[in-house]
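structure.cif, holding mmCIF, C-alpha atoms and all ligand atoms:
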```cif
data_data
loop_
_atom_site.label_atom_id
_atom_site.label_comp_id
_atom_site.auth_asym_id
_atom_site.auth_seq_id
_atom_site.Cartn_x
_atom_site.Cartn_y
_atom_site.Cartn_z
CA MET A 22 19.08 6.62 -15.89
CA THR A 23 19.55 3.46 -13.85
CA VAL A 24 17.96 3.35 -10.46
CA GLU A 25 19.85 1.23 -7.97
CA ALA A 26 17.73 -1.02 -5.80
CA PRO A 27 17.94 0.19 -2.21
CA VAL A 28 20.18 -2.02 -0.09
CA SER A 29 18.31 -3.84 2.66
CA HIS A 30 19.67 -3.63 6.20
CA LEU A 31 19.20 -7.41 6.38
CA ARG A 32 22.46 -9.09 5.36
CA GLU A 33 21.51 -12.47 6.78
CA ASN A 34 18.11 -14.15 6.86
CA PRO A 35 16.72 -13.27 10.33
CA TYR A 36 14.55 -16.39 10.46
CA ASP A 37 17.63 -18.58 9.90
CA ILE A 38 19.28 -16.72 12.77
CA ALA A 39 16.26 -17.16 15.06
CA ARG A 40 16.10 -20.90 14.33
CA GLU A 41 19.83 -21.31 14.84
CA GLN A 42 19.54 -19.56 18.23
CA LEU A 43 16.74 -21.97 19.14
CA ARG A 44 18.87 -24.99 18.20
CA ARG A 45 21.75 -23.73 20.34
CA VAL A 46 19.45 -23.23 23.30
CA ALA A 47 17.94 -26.69 22.77
CA ASP A 48 21.44 -28.21 22.94
CA ALA A 49 22.46 -26.23 26.00
CA PHE A 50 19.25 -27.07 27.89
CA ALA A 51 18.73 -30.59 26.48
CA ILE A 52 15.23 -29.83 25.21
CA ASP A 53 13.44 -32.64 23.32
CA SER A 54 14.16 -32.42 19.59
CA ASN A 55 10.54 -33.24 18.64
CA LEU A 56 9.46 -30.18 20.55
CA ILE A 57 12.18 -28.07 18.97
CA ASN A 58 10.93 -29.12 15.53
CA VAL A 59 7.51 -27.76 16.48
CA LEU A 60 8.90 -24.52 17.94
CA SER A 61 11.12 -23.92 14.87
CA GLU A 62 8.00 -23.31 12.77
CA CYS A 63 5.45 -20.53 12.89
CA LYS A 64 1.89 -21.68 13.60
CA LYS A 65 0.29 -19.47 10.97
CA SER A 66 1.49 -16.95 8.37
CA VAL A 67 -0.99 -14.77 6.51
CA VAL A 68 0.07 -12.82 3.42
CA VAL A 69 -2.26 -10.07 2.24
CA SER A 70 -2.33 -7.62 -0.61
CA ILE A 71 -3.28 -4.06 0.29
CA PRO A 72 -4.47 -1.84 -2.56
CA VAL A 73 -4.37 1.86 -1.65
CA GLY A 74 -5.79 4.81 -3.59
CA MET A 75 -2.91 7.28 -3.51
CA ASP A 76 -3.21 11.08 -3.32
CA ASP A 77 -2.17 11.43 -6.99
CA GLY A 78 -5.10 9.26 -8.13
CA SER A 79 -3.02 6.12 -8.79
CA VAL A 80 -3.51 2.82 -6.98
CA ARG A 81 -0.53 1.17 -5.31
CA VAL A 82 -0.63 -2.37 -4.03
CA PHE A 83 1.38 -3.10 -0.88
CA GLU A 84 2.19 -6.50 0.58
CA GLY A 85 1.51 -7.20 4.26
CA TYR A 86 1.97 -10.07 6.70
CA ARG A 87 0.70 -11.26 10.06
CA VAL A 88 2.51 -14.23 11.53
CA THR A 89 1.63 -16.16 14.68
CA HIS A 90 4.56 -18.13 16.00
CA ASN A 91 3.08 -19.81 19.08
CA ILE A 92 0.00 -19.60 21.35
CA ALA A 93 0.80 -22.27 23.95
CA ARG A 94 0.90 -19.73 26.80
CA GLY A 95 -1.91 -17.42 25.68
CA PRO A 96 -3.11 -15.27 22.79
CA SER A 97 -0.33 -14.13 20.50
CA LYS A 98 1.15 -10.67 20.91
CA GLY A 99 3.48 -8.53 18.86
CA GLY A 100 3.92 -5.32 16.95
CA ILE A 101 3.36 -4.28 13.35
CA ARG A 102 6.30 -2.95 11.38
CA TYR A 103 6.07 -0.53 8.45
CA HIS A 104 9.42 -0.53 6.65
CA GLN A 105 10.67 -0.89 3.11
CA ASP A 106 12.93 -3.84 4.04
CA VAL A 107 10.18 -5.99 5.63
CA THR A 108 10.20 -9.64 4.46
CA LEU A 109 8.07 -12.60 5.48
CA ASP A 110 11.12 -14.28 7.05
CA GLU A 111 11.90 -11.15 9.05
CA VAL A 112 8.34 -11.10 10.40
CA LYS A 113 8.62 -14.82 11.26
CA ALA A 114 11.84 -14.22 13.19
CA LEU A 115 10.32 -11.26 15.03
CA ALA A 116 7.23 -13.38 15.86
CA MET A 117 9.43 -16.13 17.31
CA TRP A 118 11.37 -13.60 19.40
CA MET A 119 8.02 -12.30 20.74
CA THR A 120 7.17 -15.82 21.97
CA TRP A 121 10.44 -15.97 23.92
CA LYS A 122 10.09 -12.38 25.17
CA CYS A 123 6.58 -12.93 26.58
CA ALA A 124 7.63 -16.25 28.14
CA LEU A 125 10.74 -14.74 29.74
CA MET A 126 8.60 -11.93 31.22
CA ASN A 127 6.13 -14.62 32.33
CA ILE A 128 3.15 -12.76 30.88
CA PRO A 129 0.29 -14.87 29.45
CA PHE A 130 0.95 -14.36 25.75
CA GLY A 131 2.38 -16.21 22.79
CA GLY A 132 4.28 -14.51 19.98
CA ALA A 133 3.24 -12.83 16.73
CA LYS A 134 4.35 -10.04 14.45
CA GLY A 135 3.02 -8.11 11.48
CA GLY A 136 4.60 -6.08 8.74
CA VAL A 137 3.84 -4.12 5.61
CA ILE A 138 6.47 -3.42 2.94
CA CYS A 139 6.28 0.37 2.67
CA ASP A 140 8.20 3.49 3.58
CA PRO A 141 5.81 5.32 5.94
CA LYS A 142 7.92 8.49 5.65
CA GLN A 143 6.99 8.68 1.94
CA LEU A 144 3.23 8.33 2.55
CA SER A 145 0.81 11.14 3.34
CA GLU A 146 -1.31 10.92 6.49
CA LEU A 147 -4.34 9.95 4.40
CA GLU A 148 -2.44 7.26 2.47
CA LEU A 149 -1.11 5.87 5.75
CA GLN A 150 -4.62 5.75 7.18
CA LYS A 151 -6.03 3.98 4.11
CA LEU A 152 -3.19 1.46 4.12
CA THR A 153 -3.67 0.75 7.83
CA ARG A 154 -7.45 0.33 7.61
CA ARG A 155 -7.25 -1.98 4.59
CA TYR A 156 -4.44 -4.03 6.17
CA THR A 157 -6.54 -4.33 9.36
CA SER A 158 -9.58 -5.47 7.43
CA GLU A 159 -7.49 -8.06 5.55
CA ILE A 160 -6.28 -9.59 8.84
CA ILE A 161 -9.48 -8.97 10.81
CA ASN A 162 -10.22 -12.67 11.31
CA GLU A 163 -6.73 -13.27 12.69
CA ILE A 164 -6.71 -10.59 15.40
CA GLY A 165 -8.84 -10.01 18.50
CA PRO A 166 -8.46 -9.61 22.29
CA GLU A 167 -8.47 -13.36 22.92
CA ARG A 168 -6.66 -14.24 19.73
CA ASP A 169 -3.84 -12.01 18.58
CA ILE A 170 -3.15 -8.48 19.79
CA PRO A 171 -1.02 -6.13 17.64
CA ALA A 172 1.00 -3.14 18.89
CA PRO A 173 3.46 -0.58 17.51
CA ASP A 174 6.88 -1.52 16.15
CA VAL A 175 9.37 0.21 13.80
CA GLY A 176 7.47 2.73 11.63
CA THR A 177 4.11 2.53 13.43
CA THR A 178 2.72 4.88 16.09
CA PRO A 179 -0.18 5.28 18.55
CA ARG A 180 -2.02 7.07 15.69
CA VAL A 181 -1.74 3.91 13.56
CA MET A 182 -2.98 1.83 16.52
CA ALA A 183 -6.01 4.15 16.80
CA TRP A 184 -6.95 3.37 13.16
CA ILE A 185 -6.56 -0.38 13.79
CA PHE A 186 -8.74 -0.09 16.91
CA ASP A 187 -11.37 1.91 15.01
CA THR A 188 -11.45 -0.35 11.94
CA TYR A 189 -11.79 -3.49 14.06
CA SER A 190 -14.41 -1.87 16.32
CA MET A 191 -16.50 -0.54 13.41
CA ASN A 192 -16.65 -4.04 11.99
CA LYS A 193 -17.70 -5.55 15.34
CA GLY A 194 -20.26 -2.80 15.98
CA HIS A 195 -18.79 -1.73 19.33
CA SER A 196 -15.49 -0.50 20.78
CA VAL A 197 -13.07 -3.34 21.42
CA LEU A 198 -10.29 -1.86 23.57
CA GLY A 199 -8.38 -5.14 23.93
CA VAL A 200 -7.75 -5.68 20.21
CA VAL A 201 -4.60 -3.58 20.03
CA THR A 202 -2.14 -1.95 22.45
CA GLY A 203 0.00 1.15 22.21
CA LYS A 204 -3.18 3.17 21.64
CA PRO A 205 -3.29 6.92 22.31
CA LEU A 206 -4.10 7.81 25.93
CA GLN A 207 -7.49 9.30 25.06
CA LEU A 208 -8.51 6.01 23.40
CA GLY A 209 -7.74 3.52 26.14
CA GLY A 210 -3.97 3.62 25.98
CA SER A 211 -1.97 3.04 29.16
CA LEU A 212 0.03 5.66 30.98
CA GLY A 213 3.70 4.79 30.64
CA ARG A 214 3.29 2.69 27.47
CA GLU A 215 5.09 5.14 25.22
CA GLU A 216 8.22 5.18 27.35
CA ALA A 217 7.90 1.53 28.47
CA THR A 218 10.41 -0.14 26.14
CA ALA A 219 13.12 2.36 27.05
CA ARG A 220 12.21 2.19 30.73
CA GLY A 221 12.61 -1.61 30.64
CA SER A 222 16.05 -1.17 29.02
CA LEU A 223 16.96 1.33 31.73
CA PHE A 224 15.97 -1.13 34.48
CA CYS A 225 18.17 -3.80 32.85
CA ILE A 226 21.13 -1.43 32.50
CA ARG A 227 20.78 -0.42 36.16
CA GLU A 228 20.94 -4.09 37.23
CA ALA A 229 23.83 -4.86 34.88
CA VAL A 230 25.83 -1.87 36.12
CA ARG A 231 25.28 -3.03 39.70
CA LYS A 232 26.53 -6.52 38.79
CA ARG A 233 29.64 -4.95 37.24
CA SER A 234 30.14 -2.99 40.50
CA ARG A 235 29.93 0.33 38.71
CA ARG A 236 27.76 3.43 39.05
CA ILE A 237 25.49 4.92 36.36
CA GLU A 238 26.96 8.37 37.03
CA GLU A 239 30.37 7.30 35.77
CA LEU A 240 29.12 5.79 32.50
CA ARG A 241 29.50 7.07 28.95
CA VAL A 242 26.69 5.85 26.78
CA ALA A 243 26.19 5.70 22.99
CA VAL A 244 22.63 5.18 21.76
CA GLN A 245 21.92 4.22 18.15
CA GLY A 246 18.44 5.23 16.98
CA PHE A 247 16.33 8.13 18.21
CA GLY A 248 12.90 6.57 17.74
CA ASN A 249 10.58 5.41 20.48
CA VAL A 250 13.24 3.31 22.25
CA GLY A 251 16.50 5.21 21.70
CA SER A 252 15.17 8.69 22.40
CA PHE A 253 13.60 7.81 25.76
CA LEU A 254 16.53 5.61 26.76
CA ALA A 255 18.97 8.48 26.14
CA LYS A 256 16.69 10.76 28.19
CA PHE A 257 16.35 8.33 31.11
CA LEU A 258 20.08 7.55 31.25
CA ALA A 259 20.94 11.25 31.21
CA GLU A 260 18.42 11.80 34.02
CA ASP A 261 20.12 8.99 35.97
CA GLY A 262 23.39 10.91 35.66
CA ALA A 263 25.10 9.02 32.81
CA LYS A 264 26.91 10.94 30.09
CA VAL A 265 25.22 10.33 26.73
CA VAL A 266 28.18 10.81 24.38
CA ALA A 267 26.48 9.84 21.11
CA ILE A 268 23.03 9.57 19.56
CA SER A 269 21.81 8.98 16.03
CA ASP A 270 18.82 8.63 13.74
CA SER A 271 18.52 7.18 10.22
CA ARG A 272 20.02 10.34 8.72
CA THR A 273 22.83 11.36 11.05
CA ALA A 274 24.90 10.53 14.11
CA LEU A 275 26.25 12.97 16.67
CA HIS A 276 29.14 12.74 19.11
CA ASN A 277 30.22 14.87 22.03
CA PRO A 278 32.65 13.27 24.52
CA ASN A 279 31.50 15.80 27.15
CA GLY A 280 27.88 14.76 26.81
CA ILE A 281 25.03 15.62 24.46
CA ASP A 282 22.22 17.87 25.63
CA VAL A 283 19.47 15.23 25.35
CA PRO A 284 16.47 17.54 26.09
CA ALA A 285 17.74 19.86 23.32
CA ALA A 286 18.00 16.86 20.97
CA PHE A 287 14.40 15.91 21.81
CA ALA A 288 13.18 19.42 21.07
CA HIS A 289 15.18 19.58 17.82
CA LYS A 290 13.86 16.20 16.62
CA GLN A 291 10.30 17.21 17.45
CA GLU A 292 10.63 20.52 15.60
CA THR A 293 12.52 19.40 12.50
CA GLY A 294 11.84 15.64 12.33
CA THR A 295 15.58 14.88 12.35
CA LEU A 296 18.68 15.20 14.51
CA GLU A 297 20.48 16.86 11.59
CA GLY A 298 21.58 20.37 12.43
CA LEU A 299 21.59 19.89 16.22
CA ARG A 300 24.28 22.14 17.65
CA GLY A 301 26.86 21.24 20.27
CA ALA A 302 28.04 17.94 18.81
CA GLU A 303 30.28 16.69 16.05
CA THR A 304 28.69 14.79 13.14
CA ILE A 305 29.87 11.20 12.76
CA THR A 306 28.40 8.19 10.93
CA ASN A 307 26.12 5.52 12.36
CA GLU A 308 28.96 3.01 11.82
CA GLU A 309 31.37 5.17 13.83
CA LEU A 310 28.87 5.47 16.67
CA LEU A 311 28.89 1.70 17.17
CA ILE A 312 32.67 1.58 17.69
CA LEU A 313 33.02 4.72 19.81
CA ASP A 314 34.93 4.76 23.05
CA CYS A 315 32.12 4.32 25.61
CA ASP A 316 30.95 2.08 28.47
CA VAL A 317 27.42 1.21 27.36
CA LEU A 318 26.32 0.80 23.75
CA ALA A 319 22.59 0.60 23.07
CA PRO A 320 21.66 -0.31 19.49
CA CYS A 321 17.98 0.76 19.41
CA ALA A 322 17.26 0.89 15.66
CA LEU A 323 17.22 -2.15 13.38
CA GLU A 324 18.60 -5.68 13.15
CA GLN A 325 22.13 -6.76 12.24
CA VAL A 326 24.03 -3.54 12.87
CA ILE A 327 26.82 -5.29 14.78
CA THR A 328 28.23 -8.11 12.69
CA GLY A 329 31.39 -10.15 12.21
CA GLU A 330 32.82 -7.12 10.44
CA ASN A 331 32.68 -4.54 13.23
CA ALA A 332 32.17 -6.54 16.46
CA ASP A 333 35.87 -6.70 17.36
CA GLN A 334 36.03 -2.89 17.20
CA VAL A 335 33.21 -2.38 19.73
CA LYS A 336 34.69 -0.78 22.87
CA ALA A 337 31.69 -0.82 25.18
CA ASP A 338 31.67 -3.07 28.23
CA ILE A 339 27.87 -3.51 28.21
CA VAL A 340 25.73 -3.83 25.07
CA CYS A 341 21.99 -3.32 25.57
CA GLU A 342 19.82 -4.57 22.70
CA GLY A 343 17.07 -1.96 22.58
CA ALA A 344 16.22 -3.14 19.05
CA ASN A 345 15.25 -6.68 18.11
CA GLY A 346 18.18 -8.67 16.72
CA PRO A 347 20.82 -5.90 16.39
CA LEU A 348 23.68 -8.42 16.85
CA THR A 349 24.31 -11.28 14.44
CA PRO A 350 25.33 -14.62 16.01
CA THR A 351 28.93 -14.04 14.82
CA ALA A 352 29.00 -10.64 16.52
CA ASP A 353 27.53 -12.25 19.62
CA GLU A 354 30.39 -14.74 19.80
CA ILE A 355 33.10 -12.13 19.23
CA LEU A 356 31.71 -9.85 21.94
CA GLU A 357 31.22 -12.71 24.40
CA ASP A 358 34.86 -13.73 23.86
CA LYS A 359 35.91 -10.17 24.63
CA GLY A 360 33.98 -10.35 27.92
CA VAL A 361 31.32 -7.83 26.93
CA LEU A 362 28.09 -8.18 28.91
CA ILE A 363 25.28 -8.45 26.34
CA LEU A 364 21.75 -7.71 27.50
CA PRO A 365 19.73 -9.62 24.89
CA ASP A 366 16.69 -8.16 23.13
CA VAL A 367 14.13 -10.53 24.68
CA LEU A 368 15.15 -9.16 28.07
CA ALA A 369 16.38 -5.65 27.35
CA ASN A 370 13.50 -4.41 25.16
CA ALA A 371 10.65 -6.35 26.77
CA GLY A 372 9.34 -3.33 28.68
CA GLY A 373 7.11 -2.43 25.74
CA VAL A 374 5.22 -5.69 25.64
CA VAL A 375 4.98 -5.80 29.44
CA VAL A 376 3.14 -2.47 29.51
CA SER A 377 1.15 -3.64 26.47
CA TYR A 378 0.02 -6.49 28.72
CA PHE A 379 -0.99 -3.92 31.36
CA GLU A 380 -2.85 -1.92 28.70
CA TRP A 381 -4.72 -5.05 27.56
CA VAL A 382 -5.68 -5.90 31.17
CA GLN A 383 -6.82 -2.31 31.84
CA GLY A 384 -8.86 -2.29 28.61
CA LEU A 385 -10.58 -5.59 29.42
CA GLN A 386 -11.45 -4.30 32.90
CA GLU A 387 -12.19 -0.73 31.75
CA TYR A 388 -10.26 0.36 34.83
CA PHE A 389 -7.12 2.43 34.38
CA TRP A 390 -4.06 2.66 36.60
CA LYS A 391 -1.84 5.52 37.72
CA GLU A 392 1.50 5.93 35.95
CA ALA A 393 3.49 5.22 39.13
CA GLU A 394 1.64 1.92 39.47
CA VAL A 395 2.43 0.97 35.86
CA ASN A 396 6.12 1.80 36.28
CA ALA A 397 6.43 -0.02 39.61
CA LYS A 398 4.82 -3.18 38.20
CA LEU A 399 7.05 -2.94 35.11
CA ASN A 400 10.10 -2.71 37.35
CA ASP A 401 9.01 -5.82 39.29
CA ILE A 402 8.59 -7.92 36.15
CA VAL A 403 11.74 -6.78 34.34
CA VAL A 404 14.00 -7.03 37.40
CA ARG A 405 12.66 -10.49 38.22
CA ALA A 406 13.35 -11.62 34.63
CA PHE A 407 16.83 -10.07 34.79
CA ASN A 408 17.60 -11.93 38.01
CA GLU A 409 16.26 -15.23 36.66
CA THR A 410 18.42 -14.78 33.56
CA TRP A 411 21.46 -13.84 35.63
CA ALA A 412 21.04 -16.84 37.94
CA THR A 413 20.69 -19.19 34.95
CA ARG A 414 23.79 -17.64 33.37
CA GLU A 415 25.74 -18.34 36.56
CA THR A 416 24.57 -21.91 37.12
CA ARG A 417 24.94 -22.89 33.47
CA GLN A 418 28.13 -20.88 32.87
CA THR A 419 26.68 -19.43 29.69
CA SER A 420 25.83 -16.09 28.07
CA MET A 421 22.91 -13.84 29.04
CA ARG A 422 21.37 -14.60 25.64
CA VAL A 423 21.46 -18.37 25.97
CA ALA A 424 20.25 -18.05 29.57
CA ALA A 425 17.34 -15.73 28.65
CA TYR A 426 16.27 -17.80 25.64
CA GLY A 427 16.73 -20.97 27.70
CA VAL A 428 14.40 -19.82 30.49
CA ALA A 429 11.86 -18.72 27.89
CA VAL A 430 12.00 -21.79 25.64
CA GLN A 431 11.71 -24.09 28.66
CA ARG A 432 8.52 -22.28 29.73
CA VAL A 433 6.99 -22.59 26.27
CA ALA A 434 8.10 -26.22 26.02
CA GLU A 435 6.51 -26.98 29.38
CA ALA A 436 3.22 -25.34 28.39
CA THR A 437 3.21 -27.24 25.10
CA THR A 438 3.94 -30.59 26.73
CA THR A 439 1.39 -30.05 29.50
CA ARG A 440 -1.32 -29.13 27.02
CA GLY A 441 -0.40 -32.09 24.83
CA LEU A 442 -0.37 -32.35 21.07
CA TYR A 443 -3.77 -31.92 19.39
CA PRO A 444 -5.49 -34.20 18.38
N1 LIG B 501 7.02 -4.19 19.02
C1 LIG B 501 7.38 -4.28 20.39
C2 LIG B 501 8.34 -5.44 20.60
O1 LIG B 501 9.04 -5.84 19.70
C3 LIG B 501 6.17 -4.32 21.31
C4 LIG B 501 5.21 -5.45 21.09
C5 LIG B 501 3.94 -5.34 21.90
O2 LIG B 501 3.79 -4.42 22.69
O3 LIG B 501 3.08 -6.20 21.71
O4 LIG B 501 8.49 -5.94 21.68
#
```

Write-out of the structure in structure tokens:
Amino acid sequence: MTVEAPVSHLRENPYDIAREQLRRVADAFAIDSNLINVLSECKKSVVVSIPVGMDDGSVRVFEGYRVTHNIARGPSKGGIRYHQDVTLDEVKALAMWMTWKCALMNIPFGGAKGGVICDPKQLSELELQKLTRRYTSEIINEIGPERDIPAPDVGTTPRVMAWIFDTYSMNKGHSVLGVVTGKPLQLGGSLGREEATARGSLFCIREAVRKRSRRIEELRVAVQGFGNVGSFLAKFLAEDGAKVVAISDSRTALHNPNGIDVPAAFAHKQETGTLEGLRGAETITNEELLILDCDVLAPCALEQVITGENADQVKADIVCEGANGPLTPTADEILEDKGVLILPDVLANAGGVVVSYFEWVQGLQEYFWKEAEVNAKLNDIVVRAFNETWATRETRQTSMRVAAYGVAVQRVAEATTTRGLYP
């Protein structure tokens, strides 16, 4: 029997894409090419091997990465991804995007990302714990509250963050709350962190809808992905009065032009682990979801789902990048030409890292805030960043993406120049 290698979702090299975006922004904003050469590279990439004793008695060796892109504006920050398609170049791209995201939000962090090549759905709880603790111990000299602070990303959860926190703390001999964010509430997590990425996307969509002189209540929304971002975004938009006409997870996609019962979908996913079998909607494919007749499309799963092949079929008027890098540069161009308003990832999904910042601050101070306070401060930061991006888009006559990246890259460039090159 021949076993076909699984096809990666990455059709193009994400790091090439990230560097190309940087070059475009450098041209548009006339940023010094010497500086761009520095910012095109990642400061440090660590590759580790992670041997894990499996439940069946065998030993499997996984490969993991932790990449720091830039620390000019503060310690590096970024999630850890557990996925079978992880590559070093993907982690580098995601680390670079974290630098821009933190700079655009004007929070005092640089950018980093981690990843382990594994399918967490195929691992037992014990195997997952062993993998996480060994990975943490392999990168223990890279991370720390003043150095590099991990968080959840695709395939990792608050539970995983708790193991990272515990492994690091056991090695230091005392609890170090600031070493990781996205922790469970009972272990120094922040209220509002779990929903934060989706809430940030919601705030951006609200602003965008206002700019388009429309009302949320008249919108039909399609959300791809029902993980941490997509599920809460669908919930929040439905609560705001929008009609969520389609949702999906990695196994299925569902469509109902009259609106999907989002609370029922939540309950079903919680109970069965999948959206499969949810009643009251027609089954479609993930590809069909992206080209559905709707007003807002929110790709909240993985990179490169809208490409040169399907971009011209997208019908939405607003595309909100809940995921990192869901549009390829070709798709970006096609949609821009069609007049679609694209809310780029570094703006639209930055709510997560903003509340991670709040969690880090609360942990360092050992003083915890009310949820309403967290959400209000999140709103302030995201709306300010939206308005700065919008204003730059208007004055420069450019796209939201180039404007957002431009504001961010300029901030990092300024910090780098002011600090000066060492030695
Ligand atoms: N992984 C999330 C992101 O891509 C959150 C990172 C963080 O909270 O540090 O923005």

Expected answer as a PDB file with C-alpha atoms, in the coordinates of the input: residues within 9 Å of ligand LIG 501 (chain B), all atoms listed in the file:
```
ATOM      1  CA  SER A  97      -0.330 -14.130  20.500  1.00  0.00           C
ATOM      2  CA  LYS A  98       1.150 -10.670  20.910  1.00  0.00           C
ATOM      3  CA  GLY A  99       3.480  -8.530  18.860  1.00  0.00           C
ATOM      4  CA  GLY A 100       3.920  -5.320  16.950  1.00  0.00           C
ATOM      5  CA  ILE A 101       3.360  -4.280  13.350  1.00  0.00           C
ATOM      6  CA  ARG A 102       6.300  -2.950  11.380  1.00  0.00           C
ATOM      7  CA  LEU A 115      10.320 -11.260  15.030  1.00  0.00           C
ATOM      8  CA  ALA A 116       7.230 -13.380  15.860  1.00  0.00           C
ATOM      9  CA  TRP A 118      11.370 -13.600  19.400  1.00  0.00           C
ATOM     10  CA  MET A 119       8.020 -12.300  20.740  1.00  0.00           C
ATOM     11  CA  LYS A 122      10.090 -12.380  25.170  1.00  0.00           C
ATOM     12  CA  CYS A 123       6.580 -12.930  26.580  1.00  0.00           C
ATOM     13  CA  GLY A 132       4.280 -14.510  19.980  1.00  0.00           C
ATOM     14  CA  ALA A 133       3.240 -12.830  16.730  1.00  0.00           C
ATOM     15  CA  LYS A 134       4.350 -10.040  14.450  1.00  0.00           C
ATOM     16  CA  ILE A 170      -3.150  -8.480  19.790  1.00  0.00           C
ATOM     17  CA  PRO A 171      -1.020  -6.130  17.640  1.00  0.00           C
ATOM     18  CA  ALA A 172       1.000  -3.140  18.890  1.00  0.00           C
ATOM     19  CA  PRO A 173       3.460  -0.580  17.510  1.00  0.00           C
ATOM     20  CA  ASP A 174       6.880  -1.520  16.150  1.00  0.00           C
ATOM     21  CA  VAL A 175       9.370   0.210  13.800  1.00  0.00           C
ATOM     22  CA  VAL A 201      -4.600  -3.580  20.030  1.00  0.00           C
ATOM     23  CA  THR A 202      -2.140  -1.950  22.450  1.00  0.00           C
ATOM     24  CA  GLY A 203       0.000   1.150  22.210  1.00  0.00           C
ATOM     25  CA  ARG A 214       3.290   2.690  27.470  1.00  0.00           C
ATOM     26  CA  THR A 218      10.410  -0.140  26.140  1.00  0.00           C
ATOM     27  CA  ALA A 344      16.220  -3.140  19.050  1.00  0.00           C
ATOM     28  CA  ASN A 345      15.250  -6.680  18.110  1.00  0.00           C
ATOM     29  CA  ASP A 366      16.690  -8.160  23.130  1.00  0.00           C
ATOM     30  CA  VAL A 367      14.130 -10.530  24.680  1.00  0.00           C
ATOM     31  CA  ASN A 370      13.500  -4.410  25.160  1.00  0.00           C
ATOM     32  CA  ALA A 371      10.650  -6.350  26.770  1.00  0.00           C
ATOM     33  CA  GLY A 372       9.340  -3.330  28.680  1.00  0.00           C
ATOM     34  CA  GLY A 373       7.110  -2.430  25.740  1.00  0.00           C
ATOM     35  CA  VAL A 374       5.220  -5.690  25.640  1.00  0.00           C
ATOM     36  CA  VAL A 375       4.980  -5.800  29.440  1.00  0.00           C
ATOM     37  CA  VAL A 376       3.140  -2.470  29.510  1.00  0.00           C
ATOM     38  CA  SER A 377       1.150  -3.640  26.470  1.00  0.00           C
ATOM     39  CA  TYR A 378       0.020  -6.490  28.720  1.00  0.00           C
TER      40      TYR A 378
END
```

Which polymer residues have any atom within 7 Å of an atom of Val361 of chain A, counting all atoms listed in the file, with same-chain residues fewer than 3 positions away left out, as a list in words?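 The filter keeps Asp338, Ile339, Leu356 and Glu357 of chain A.
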
Given all atoms listed in the file as the counted atoms, nearest of A:Gly194, A:Ala319, A:Thr273, A:Ala229 to Phe253 of chain A: A:Ala319

Pick from A:Ala267, A:Ile312, A:Ile327, A:Cys341: nearest to His30 of chain A, with all atoms listed in the file counted?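 Nearest to His30 of chain A: A:Ile327.
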
Which of A:Ile138, A:Ile355, A:Ile160, A:Leu275 sits closest to Thr328 of chain A [using only C-alpha atoms]: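 Of A:Ile138, A:Ile355, A:Ile160, A:Leu275, the one nearest Thr328 of chain A, counting only C-alpha atoms, is A:Ile355.
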
For Val137 of chain A, please output as a ChimeraX atom specification all residues within 10 Å (counting all atoms listed in the file; exclusion window: fewer than 2 positions along the same chain). /A:68-71,83-87,101-109,112,135,139-141,152-153,156,176

How many Å separate atom CA of Ile305 of chain A from atom CA of Thr293 of chain A? 19.2 Å

Atom CA of Thr177 of chain A to atom CA of His195 of chain A, straight-line distance in Å: 24.0 Å

Can you tell me which residues surround Ser61 of chain A at a distance of at most 9 Å, considering all atoms listed in the file, apart from same-chain residues fewer than 5 positions away, and format the answer as a list of chain:residue names? A:Ala39, A:Arg40, A:Leu43, A:Arg44, A:Leu56, A:His90, A:Met117
